[in-house]
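Coordinates as given in entry-v4.csv (CSV, C-alpha atoms):
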```
chain,number,residue,atom,x,y,z
A,74,MET,CA,179.5,38.9,205.0
A,75,LYS,CA,182.3,36.4,205.2
A,76,VAL,CA,185.9,37.6,205.1
A,77,GLY,CA,189.0,35.6,204.4
A,78,VAL,CA,192.4,36.9,205.6
A,79,VAL,CA,195.4,35.5,203.8
A,80,THR,CA,198.4,34.6,206.0
A,81,PHE,CA,201.7,34.6,204.1
A,82,PRO,CA,204.9,33.7,205.9
A,83,GLY,CA,205.9,37.2,207.2
A,84,SER,CA,202.4,38.7,207.4
A,85,ASN,CA,202.0,40.6,210.6
A,86,CYS,CA,198.7,42.4,210.3
A,87,ASP,CA,196.6,39.3,209.7
A,88,TYR,CA,195.4,39.2,213.3
A,89,ASP,CA,194.6,43.0,213.2
A,90,SER,CA,192.4,42.4,210.2
A,91,TYR,CA,190.8,39.3,211.8
A,92,THR,CA,190.1,41.1,215.0
A,93,ALA,CA,188.6,44.1,213.3
A,94,VAL,CA,186.2,41.9,211.4
A,95,LYS,CA,185.3,39.4,214.1
A,96,HIS,CA,185.1,41.6,217.2
A,97,ILE,CA,184.3,45.1,215.9
A,98,LEU,CA,182.3,44.4,212.8
A,99,ARG,CA,181.0,41.1,214.3
A,100,GLU,CA,181.1,39.3,210.9
A,101,GLU,CA,182.4,35.9,210.0
A,102,VAL,CA,186.1,35.7,209.3
A,103,GLU,CA,188.7,33.0,208.6
A,104,PHE,CA,192.4,32.8,208.1
A,105,LEU,CA,193.5,31.5,204.7
A,106,TRP,CA,197.0,29.9,204.7
A,107,HIS,CA,199.1,30.9,201.7
A,108,LYS,CA,199.5,27.3,200.6
A,109,SER,CA,195.8,26.7,200.5
A,110,THR,CA,193.8,26.9,197.3
A,111,ASP,CA,190.5,27.3,199.0
A,112,LEU,CA,189.0,30.7,199.7
A,113,ALA,CA,186.4,29.2,202.1
A,114,GLY,CA,183.5,30.9,200.5
A,115,SER,CA,184.7,34.4,201.3
A,116,ASP,CA,182.9,37.5,200.1
A,117,LEU,CA,186.0,39.6,200.7
A,118,VAL,CA,189.6,38.5,200.7
A,119,VAL,CA,192.1,40.6,202.6
A,120,LEU,CA,195.8,40.5,201.8
A,121,PRO,CA,197.2,41.9,205.0
A,122,GLY,CA,200.2,44.0,205.9
A,123,GLY,CA,203.6,42.7,206.9
A,124,PHE,CA,206.7,41.5,205.2
A,125,ALA,CA,205.6,38.5,203.2
A,126,TYR,CA,208.6,36.3,202.4
A,127,GLY,CA,210.8,38.9,204.2
A,128,ASP,CA,210.1,41.3,201.3
A,129,TYR,CA,213.0,39.5,199.6
A,130,LEU,CA,213.7,40.7,196.0
A,131,ARG,CA,211.0,43.4,196.1
A,132,ALA,CA,208.0,43.8,198.5
A,133,GLY,CA,205.3,41.4,197.3
A,134,ALA,CA,207.4,39.9,194.5
A,135,ILE,CA,207.6,36.4,195.9
A,136,ALA,CA,204.2,36.3,197.7
A,137,ARG,CA,202.4,36.8,194.4
A,138,PHE,CA,203.5,33.2,193.4
A,139,SER,CA,201.9,31.6,196.5
A,140,PRO,CA,199.3,28.9,195.7
A,141,ILE,CA,196.5,31.0,197.2
A,142,MET,CA,197.2,33.9,194.9
A,143,GLU,CA,196.1,32.0,191.8
A,144,GLU,CA,192.7,31.5,193.5
A,145,VAL,CA,192.6,35.2,194.6
A,146,ILE,CA,193.2,36.3,191.0
A,147,LYS,CA,190.4,34.0,189.7
A,148,PHE,CA,188.1,35.3,192.5
A,149,ALA,CA,188.8,38.9,191.6
A,150,TYR,CA,188.3,38.3,187.9
A,151,SER,CA,184.9,36.8,188.6
A,152,GLY,CA,184.0,40.0,190.5
A,153,GLY,CA,185.0,39.0,194.1
A,154,MET,CA,186.1,41.8,196.4
A,155,VAL,CA,189.8,42.0,197.4
A,156,ILE,CA,191.6,44.5,199.6
A,157,GLY,CA,195.3,44.6,199.8
A,158,ILE,CA,196.6,46.7,202.7
A,159,CYS,CA,200.2,47.9,202.8
A,160,ASN,CA,202.2,44.8,201.9
A,161,GLY,CA,199.0,43.4,200.4
A,162,PHE,CA,198.8,46.4,198.1
A,163,GLN,CA,202.4,45.7,197.1
A,164,VAL,CA,201.4,42.1,196.3
A,165,LEU,CA,198.5,43.3,194.1
A,166,THR,CA,200.7,45.6,192.1
A,167,GLU,CA,203.4,42.9,191.7
A,168,CYS,CA,200.9,40.5,190.3
A,169,GLY,CA,199.3,43.0,188.0
A,170,MET,CA,195.9,43.1,189.6
A,171,LEU,CA,196.4,46.8,190.2
A,172,PRO,CA,198.4,49.1,188.0
A,173,GLY,CA,201.7,50.9,189.0
A,174,ALA,CA,204.4,50.1,191.5
A,175,LEU,CA,205.3,50.9,195.1
A,176,MET,CA,208.8,52.1,195.5
A,177,ARG,CA,211.0,53.1,198.4
A,178,ASN,CA,209.7,56.1,200.3
A,179,HIS,CA,211.4,59.2,198.8
A,180,HIS,CA,213.1,59.9,202.2
A,181,LEU,CA,214.2,56.3,202.6
A,182,ARG,CA,212.8,56.0,206.1
A,183,PHE,CA,210.2,53.7,207.5
A,184,SER,CA,207.1,55.9,208.4
A,185,CYS,CA,204.8,54.8,211.2
A,186,ARG,CA,202.2,57.4,212.1
A,187,PHE,CA,198.7,58.6,211.6
A,188,VAL,CA,197.9,60.4,208.3
A,189,TYR,CA,194.9,62.0,206.8
A,190,LEU,CA,193.2,60.6,203.7
A,191,ARG,CA,190.6,62.1,201.5
A,192,VAL,CA,188.0,59.9,200.0
A,193,GLU,CA,188.1,60.7,196.3
A,194,ASP,CA,185.0,58.8,195.3
A,195,ASN,CA,182.4,57.7,197.8
A,196,THR,CA,180.3,55.6,195.4
A,197,GLY,CA,182.6,52.7,195.2
A,198,ARG,CA,182.4,49.3,196.9
A,199,PHE,CA,185.1,50.2,199.4
A,200,THR,CA,184.0,53.8,200.2
A,201,ASN,CA,180.2,53.9,200.0
A,202,ALA,CA,179.9,54.4,203.8
A,203,CYS,CA,182.0,57.6,203.6
A,204,GLY,CA,180.9,61.1,203.0
A,205,LYS,CA,181.9,63.0,199.8
A,206,HIS,CA,185.5,64.0,200.2
A,207,GLN,CA,185.4,62.9,203.8
A,208,VAL,CA,188.8,63.1,205.5
A,209,LEU,CA,189.8,59.9,207.4
A,210,LYS,CA,192.5,59.5,210.1
A,211,ILE,CA,194.2,56.2,209.5
A,212,PRO,CA,197.8,55.1,210.3
A,213,ILE,CA,200.6,54.2,207.9
A,214,ALA,CA,203.5,51.9,208.6
A,215,HIS,CA,205.7,51.3,205.6
A,216,GLY,CA,209.1,51.9,204.0
A,217,GLU,CA,208.0,51.2,200.5
A,218,GLY,CA,204.7,53.1,199.8
A,219,ASN,CA,205.8,55.6,197.2
A,220,TYR,CA,203.2,55.0,194.5
A,221,PHE,CA,204.7,55.3,191.0
A,222,TYR,CA,203.2,55.0,187.5
A,223,HIS,CA,204.1,56.5,184.2
A,224,ASP,CA,202.6,60.0,183.4
A,225,ASP,CA,200.1,58.9,180.7
A,226,GLU,CA,198.9,55.9,182.8
A,227,VAL,CA,198.4,58.0,185.9
A,228,ARG,CA,196.3,60.4,183.9
A,229,GLU,CA,194.1,57.5,182.8
A,230,LEU,CA,193.9,56.3,186.3
A,231,GLU,CA,192.7,59.7,187.5
A,232,GLU,CA,190.3,60.1,184.6
A,233,ASN,CA,188.8,56.7,185.3
A,234,GLY,CA,188.2,57.7,188.9
A,235,GLN,CA,190.4,54.9,190.2
A,236,VAL,CA,192.1,56.9,192.9
A,237,ALA,CA,190.3,55.9,196.0
A,238,PHE,CA,192.3,57.8,198.7
A,239,ARG,CA,194.7,60.7,198.6
A,240,TYR,CA,197.1,61.9,201.4
A,241,VAL,CA,195.9,65.3,202.6
A,242,ASP,CA,196.3,67.6,205.5
A,243,ARG,CA,193.6,67.5,208.3
A,244,THR,CA,191.5,70.0,206.4
A,245,GLY,CA,191.4,67.9,203.3
A,246,LYS,CA,194.0,69.8,201.2
A,247,VAL,CA,196.4,68.0,199.0
A,248,THR,CA,199.9,69.3,200.0
A,249,ASP,CA,203.4,68.1,199.7
A,250,GLU,CA,203.8,68.1,203.5
A,251,ALA,CA,200.8,65.8,203.8
A,252,ASN,CA,202.4,63.3,201.5
A,253,PRO,CA,204.4,60.8,203.7
A,254,ASN,CA,206.3,58.9,201.1
A,255,GLY,CA,206.6,60.8,197.8
A,256,SER,CA,203.6,59.1,196.1
A,257,LEU,CA,202.6,60.5,192.8
A,258,ASN,CA,199.6,62.9,193.0
A,259,ASN,CA,199.5,62.0,196.8
A,260,ILE,CA,197.9,58.7,195.9
A,261,ALA,CA,197.3,56.5,199.0
A,262,GLY,CA,194.9,53.9,197.5
A,263,ILE,CA,193.6,52.8,194.1
A,264,VAL,CA,191.0,50.5,192.8
A,265,ASN,CA,191.0,48.5,189.6
A,266,CYS,CA,188.9,49.5,186.6
A,267,GLU,CA,186.0,47.2,187.7
A,268,GLY,CA,186.1,48.7,191.3
A,269,ASN,CA,186.3,45.3,193.0
A,270,VAL,CA,189.9,45.3,194.0
A,271,LEU,CA,191.3,48.0,196.3
A,272,GLY,CA,194.9,48.5,197.3
A,273,MET,CA,195.9,51.0,200.0
A,274,MET,CA,199.1,51.7,202.0
A,275,PRO,CA,197.3,53.0,205.1
A,276,HIS,CA,195.9,50.5,207.6
A,277,PRO,CA,192.1,50.7,208.1
A,278,GLU,CA,192.2,47.6,210.3
A,279,ARG,CA,194.4,49.5,212.8
A,280,ALA,CA,191.8,52.3,213.1
A,281,VAL,CA,188.7,50.5,214.4
A,282,GLU,CA,188.5,51.5,218.1
A,283,SER,CA,188.7,55.0,219.6
A,284,ILE,CA,191.1,53.6,222.3
A,285,ILE,CA,193.7,53.1,219.5
A,286,GLY,CA,193.3,56.5,218.1
A,287,SER,CA,190.7,56.4,215.4
A,288,VAL,CA,187.6,54.5,214.2
A,289,ASP,CA,187.8,55.8,210.7
A,290,GLY,CA,189.1,52.6,209.2
A,291,LEU,CA,185.8,50.9,210.0
A,292,LYS,CA,184.3,52.9,207.1
A,293,VAL,CA,186.2,50.8,204.6
A,294,PHE,CA,184.9,47.5,206.1
A,295,GLU,CA,181.4,48.9,206.5
A,296,SER,CA,181.4,49.9,202.8
A,297,VAL,CA,182.3,46.4,201.8
A,298,ARG,CA,179.5,45.0,204.1
A,299,ALA,CA,177.0,47.3,202.4
A,300,ALA,CA,178.3,46.3,199.0
A,301,CYS,CA,177.8,42.6,199.9
A,302,VAL,CA,174.2,43.3,201.0
A,303,GLN,CA,173.6,45.1,197.8
A,304,VAL,CA,175.0,42.3,195.7
A,305,ALA,CA,172.9,39.7,197.6
A,306,GLY,CA,169.8,41.9,197.1
A,307,THR,CA,170.2,41.9,193.4
A,308,GLY,CA,170.7,38.2,193.3
A,309,GLY,CA,174.1,38.6,191.6
A,310,LYS,CA,177.4,37.1,192.7
B,246,MET,CA,233.2,20.1,186.5
B,247,SER,CA,229.7,20.9,185.5
B,248,ASP,CA,229.0,22.5,182.2
B,249,ASN,CA,226.1,24.5,183.6
B,250,LYS,CA,225.4,27.8,181.9
B,251,LYS,CA,226.2,30.9,183.9
B,252,VAL,CA,224.6,34.2,183.3
B,253,VAL,CA,224.5,37.5,185.2
B,254,VAL,CA,221.3,39.6,185.2
B,255,TYR,CA,221.6,43.3,185.9
B,256,VAL,CA,218.4,44.9,187.0
B,257,ARG,CA,218.2,48.7,187.2
B,258,LEU,CA,215.4,51.3,187.4
B,259,LYS,CA,214.2,52.6,184.0
B,260,ASP,CA,215.4,56.1,183.0
B,261,GLY,CA,213.2,58.8,184.5
B,262,VAL,CA,212.2,56.7,187.5
B,263,LEU,CA,213.4,58.4,190.7
B,264,ASP,CA,216.0,56.4,192.6
B,265,PRO,CA,216.0,57.8,196.2
B,266,GLN,CA,218.7,55.4,197.2
B,267,GLY,CA,221.0,56.6,194.4
B,268,VAL,CA,220.2,60.2,195.2
B,269,THR,CA,221.1,59.7,198.9
B,270,ILE,CA,224.4,57.9,198.0
B,271,HIS,CA,225.2,60.8,195.7
B,272,LYS,CA,224.5,63.3,198.4
B,273,ALA,CA,226.9,61.4,200.7
B,274,LEU,CA,229.6,61.5,198.0
B,275,ILE,CA,229.3,65.3,197.7
B,276,GLN,CA,229.4,65.6,201.4
B,277,MET,CA,232.6,63.5,201.4
B,278,GLY,CA,234.2,65.9,199.0
B,279,TYR,CA,233.8,63.9,195.8
B,280,THR,CA,232.1,66.8,194.1
B,281,ASP,CA,233.1,65.6,190.6
B,282,PHE,CA,230.7,62.7,190.8
B,283,VAL,CA,227.6,64.0,189.0
B,284,SER,CA,225.0,61.3,189.7
B,285,VAL,CA,224.5,57.8,191.1
B,286,ARG,CA,221.9,55.2,190.0
B,287,SER,CA,221.6,52.0,192.1
B,288,GLY,CA,220.6,48.6,190.9
B,289,ARG,CA,221.3,44.9,191.6
B,290,PHE,CA,222.6,41.9,189.9
B,291,PHE,CA,221.9,38.1,190.1
B,292,GLU,CA,224.2,35.3,189.2
B,293,LEU,CA,222.3,32.4,187.7
B,294,GLU,CA,223.6,28.9,187.1
B,295,ILE,CA,221.4,26.9,184.8
B,296,ASP,CA,221.4,23.3,183.6
B,297,ASP,CA,220.8,23.9,179.9
B,298,SER,CA,220.4,20.3,178.9
B,299,ALA,CA,216.7,20.8,178.3
B,300,GLY,CA,217.4,23.7,175.9
B,301,ASP,CA,215.3,26.8,175.2
B,302,ILE,CA,217.4,28.5,177.8
B,303,ASP,CA,217.3,32.1,176.4
B,304,ARG,CA,213.5,32.1,176.5
B,305,LYS,CA,213.4,30.8,180.0
B,306,ILE,CA,216.0,33.4,181.2
B,307,ASP,CA,213.9,36.1,179.7
B,308,GLU,CA,210.8,34.8,181.4
B,309,VAL,CA,212.5,34.6,184.7
B,310,CYS,CA,213.7,38.2,184.4
B,311,SER,CA,210.4,39.7,183.4
B,312,LYS,CA,208.2,37.6,185.7
B,313,LEU,CA,210.4,37.7,188.8
B,314,LEU,CA,213.8,39.3,188.9
B,315,ALA,CA,212.6,42.7,187.5
B,316,ASN,CA,209.3,44.6,187.8
B,317,PRO,CA,208.8,45.7,184.2
B,318,VAL,CA,206.7,48.7,185.4
B,319,ILE,CA,209.7,50.4,186.9
B,320,GLU,CA,212.8,48.3,186.0
B,321,LYS,CA,214.8,47.1,183.1
B,322,TYR,CA,217.3,44.3,182.9
B,323,VAL,CA,220.3,43.2,180.9
B,324,VAL,CA,221.5,39.5,180.6
B,325,GLU,CA,225.2,39.0,180.4
B,326,LYS,CA,226.5,35.6,179.4
B,327,ALA,CA,229.5,34.6,181.5
```
Can you present the structure in this file as structure tokens?
Amino acid sequence: MKVGVVTFPGSNCDYDSYTAVKHILREEVEFLWHKSTDLAGSDLVVLPGGFAYGDYLRAGAIARFSPIMEEVIKFAYSGGMVIGICNGFQVLTECGMLPGALMRNHHLRFSCRFVYLRVEDNTGRFTNACGKHQVLKIPIAHGEGNYFYHDDEVRELEENGQVAFRYVDRTGKVTDEANPNGSLNNIAGIVNCEGNVLGMMPHPERAVESIIGSVDGLKVFESVRAACVQVAGTGGK
Amino acid sequence: MSDNKKVVVYVRLKDGVLDPQGVTIHKALIQMGYTDFVSVRSGRFFELEIDDSAGDIDRKIDEVCSKLLANPVIEKYVVEKA
């Protein structure tokens, strides 16, 4: 598996993602500068967390017009796997690759702590290494992670099984207390209809070693690796 | 000196979209004793100066608003000509 990590001006989780892939997963990884138009043969593109372009205007609003994004969009449309983490998720919703929008946390504060996520579907490309309804302990660090979408459209999202992760308590129950930002239906992460683009507010790349509190984030990367092997096995792209 | 066109774009959240900032400002007003203020909705505005010698300016303004200045999923905008 080869992973490309995009660096926008203002990204600050690009090294975390790079380190997780290179030193923990021991897979090939390369930084992709936002002005580049070459994805360097990546099987997975990561749009990392941070404050791309200072989050001016709206989080992700300016980053989506970076030269590299045109290539990322083409890559995704041809079936390539893309993960947007935190600020990366905001970029994906801003450019329409994922539905909905991420608004200010309902309490207006920046939240930085571990949360529990329930895996809603463990058959997808980003979750196949997880158990059914497994609860993962992964940190969040954001001020604008309040997932919003209009009622009818959220219903469709739910019916399509596009909700990948939901904020829950440690026993796996969906509660208001477990929802750190006011997200609709406790949504923490979603995939597109085709299942090859994932956006999530929590940071799996910051939960890859027990010394930093959790290894549960590895499941996401291990799932992608398994999906890559599967794709290679079927001779597809 | 210049005869550039000037417009102001007001961007606000769509009706029904929760505005935590507005709610918080409203709570502060109540706390300050301004109990006759019933609600607050926040938004932002942009002043644009445009060289309109190339024409087709209305379409371009509309594009700029919907592609960049506002996020049509949650926001609406009004263009006011100066």
Tell me as a compact mmCIF listing (two decimals) with C-alpha atoms, keeping the file's coordinate frame which residues belonging to chain A come within 12 Å of chain B, counting only C-alpha atoms.
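Once everything was written out, this is part.txt:
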```
# COMPACT_ATOMS: atom_id res chain seq x y z
CA TYR A 129 213.00 39.50 199.60
CA LEU A 130 213.70 40.70 196.00
CA ARG A 131 211.00 43.40 196.10
CA ALA A 132 208.00 43.80 198.50
CA GLY A 133 205.30 41.40 197.30
CA ALA A 134 207.40 39.90 194.50
CA ILE A 135 207.60 36.40 195.90
CA ALA A 136 204.20 36.30 197.70
CA ARG A 137 202.40 36.80 194.40
CA PHE A 138 203.50 33.20 193.40
CA GLN A 163 202.40 45.70 197.10
CA VAL A 164 201.40 42.10 196.30
CA THR A 166 200.70 45.60 192.10
CA GLU A 167 203.40 42.90 191.70
CA CYS A 168 200.90 40.50 190.30
CA GLY A 169 199.30 43.00 188.00
CA LEU A 171 196.40 46.80 190.20
CA PRO A 172 198.40 49.10 188.00
CA GLY A 173 201.70 50.90 189.00
CA ALA A 174 204.40 50.10 191.50
CA LEU A 175 205.30 50.90 195.10
CA MET A 176 208.80 52.10 195.50
CA ARG A 177 211.00 53.10 198.40
CA ASN A 178 209.70 56.10 200.30
CA HIS A 179 211.40 59.20 198.80
CA HIS A 180 213.10 59.90 202.20
CA LEU A 181 214.20 56.30 202.60
CA ARG A 182 212.80 56.00 206.10
CA GLY A 216 209.10 51.90 204.00
CA GLU A 217 208.00 51.20 200.50
CA ASN A 219 205.80 55.60 197.20
CA TYR A 220 203.20 55.00 194.50
CA PHE A 221 204.70 55.30 191.00
CA TYR A 222 203.20 55.00 187.50
CA HIS A 223 204.10 56.50 184.20
CA ASP A 224 202.60 60.00 183.40
CA GLU A 226 198.90 55.90 182.80
CA ASN A 254 206.30 58.90 201.10
CA GLY A 255 206.60 60.80 197.80
CA SER A 256 203.60 59.10 196.10
CA LEU A 257 202.60 60.50 192.80
```
* May I have the residues within 10 Å of Lys321 in chain B as a VMD selection string, using all atoms listed in the file and disregarding those fewer than 5 positions away in the same chain? => chain B and resid 255 to 260 288 310 to 311 314 to 316
* **All residues 12 Å or closer to Asp303 in chain B, all atoms listed in the file, same chain fewer than 5 positions away omitted, as a list in words** => Lys250, Lys251, Val252, Ile295, Asp297, Glu308, Val309, Cys310, Val324, Glu325 and Lys326 of chain B
Next, write the just-selected residues to a file, as a tab-separated table (two decimals), in the coordinates of the input, keeping C-alpha atoms as the atom set.
```tsv
chain	number	residue	atom	x	y	z
B	250	LYS	CA	225.40	27.80	181.90
B	251	LYS	CA	226.20	30.90	183.90
B	252	VAL	CA	224.60	34.20	183.30
B	295	ILE	CA	221.40	26.90	184.80
B	297	ASP	CA	220.80	23.90	179.90
B	308	GLU	CA	210.80	34.80	181.40
B	309	VAL	CA	212.50	34.60	184.70
B	310	CYS	CA	213.70	38.20	184.40
B	324	VAL	CA	221.50	39.50	180.60
B	325	GLU	CA	225.20	39.00	180.40
B	326	LYS	CA	226.50	35.60	179.40
```
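Using all atoms listed in the file for every distance, the candidate list A:Gly218, A:Gly286, A:Gly161, A:Pro82 yields A:Gly161 as the residue closest to Leu120 in chain A.
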* Nearby residues (only C-alpha atoms) at most 12 Å from Glu250 in chain A, same-chain spacing under 3 positions excluded, as a count of residues only -> 13
* Nearest to Leu112 in chain A by atom-to-atom distance, counting only C-alpha atoms, from A:Glu100, A:Tyr126, A:Phe183, A:Val145 -> A:Val145
* To do: Record the distance separating CA of Gly234 in chain A and CA of Leu271 in chain A, expressed in Å with one decimal.
  => 12.6 Å
* To do: Go ahead and find all residues with at least one atom no further than 9 Å from (186.3, 52.8, 209.1) in the file's coordinates, using only C-alpha atoms; report them as a list in words.
  => Ala202, Cys203, Leu209, Ile211, Pro277, Glu278, Ala280, Val281, Ser287, Val288, Asp289, Gly290, Leu291, Lys292, Val293, Phe294, Glu295 and Ser296 of chain A
* Exercise: Arg279 in chain A partners within 8 Å, all atoms listed in the file, chain neighbours under 3 positions left out, as a ChimeraX atom specification -> /A:89-90,93,211-212,276,285,290
* **Between CA of Gly122 in chain A and CA of Leu98 in chain A, distance in Å (one decimal)** => 19.2 Å
* **For CA of Lys272 in chain B and CA of Asp128 in chain A, the interatomic separation in Å (one decimal)** => 26.5 Å
* Exercise: Arg298 in chain A partners within 12 Å, all atoms listed in the file, chain neighbours under 6 positions left out, as a PyMOL selection string -> chain A and resi 74-76+94+98-101+116-117+154+198-202+291-292+304-305
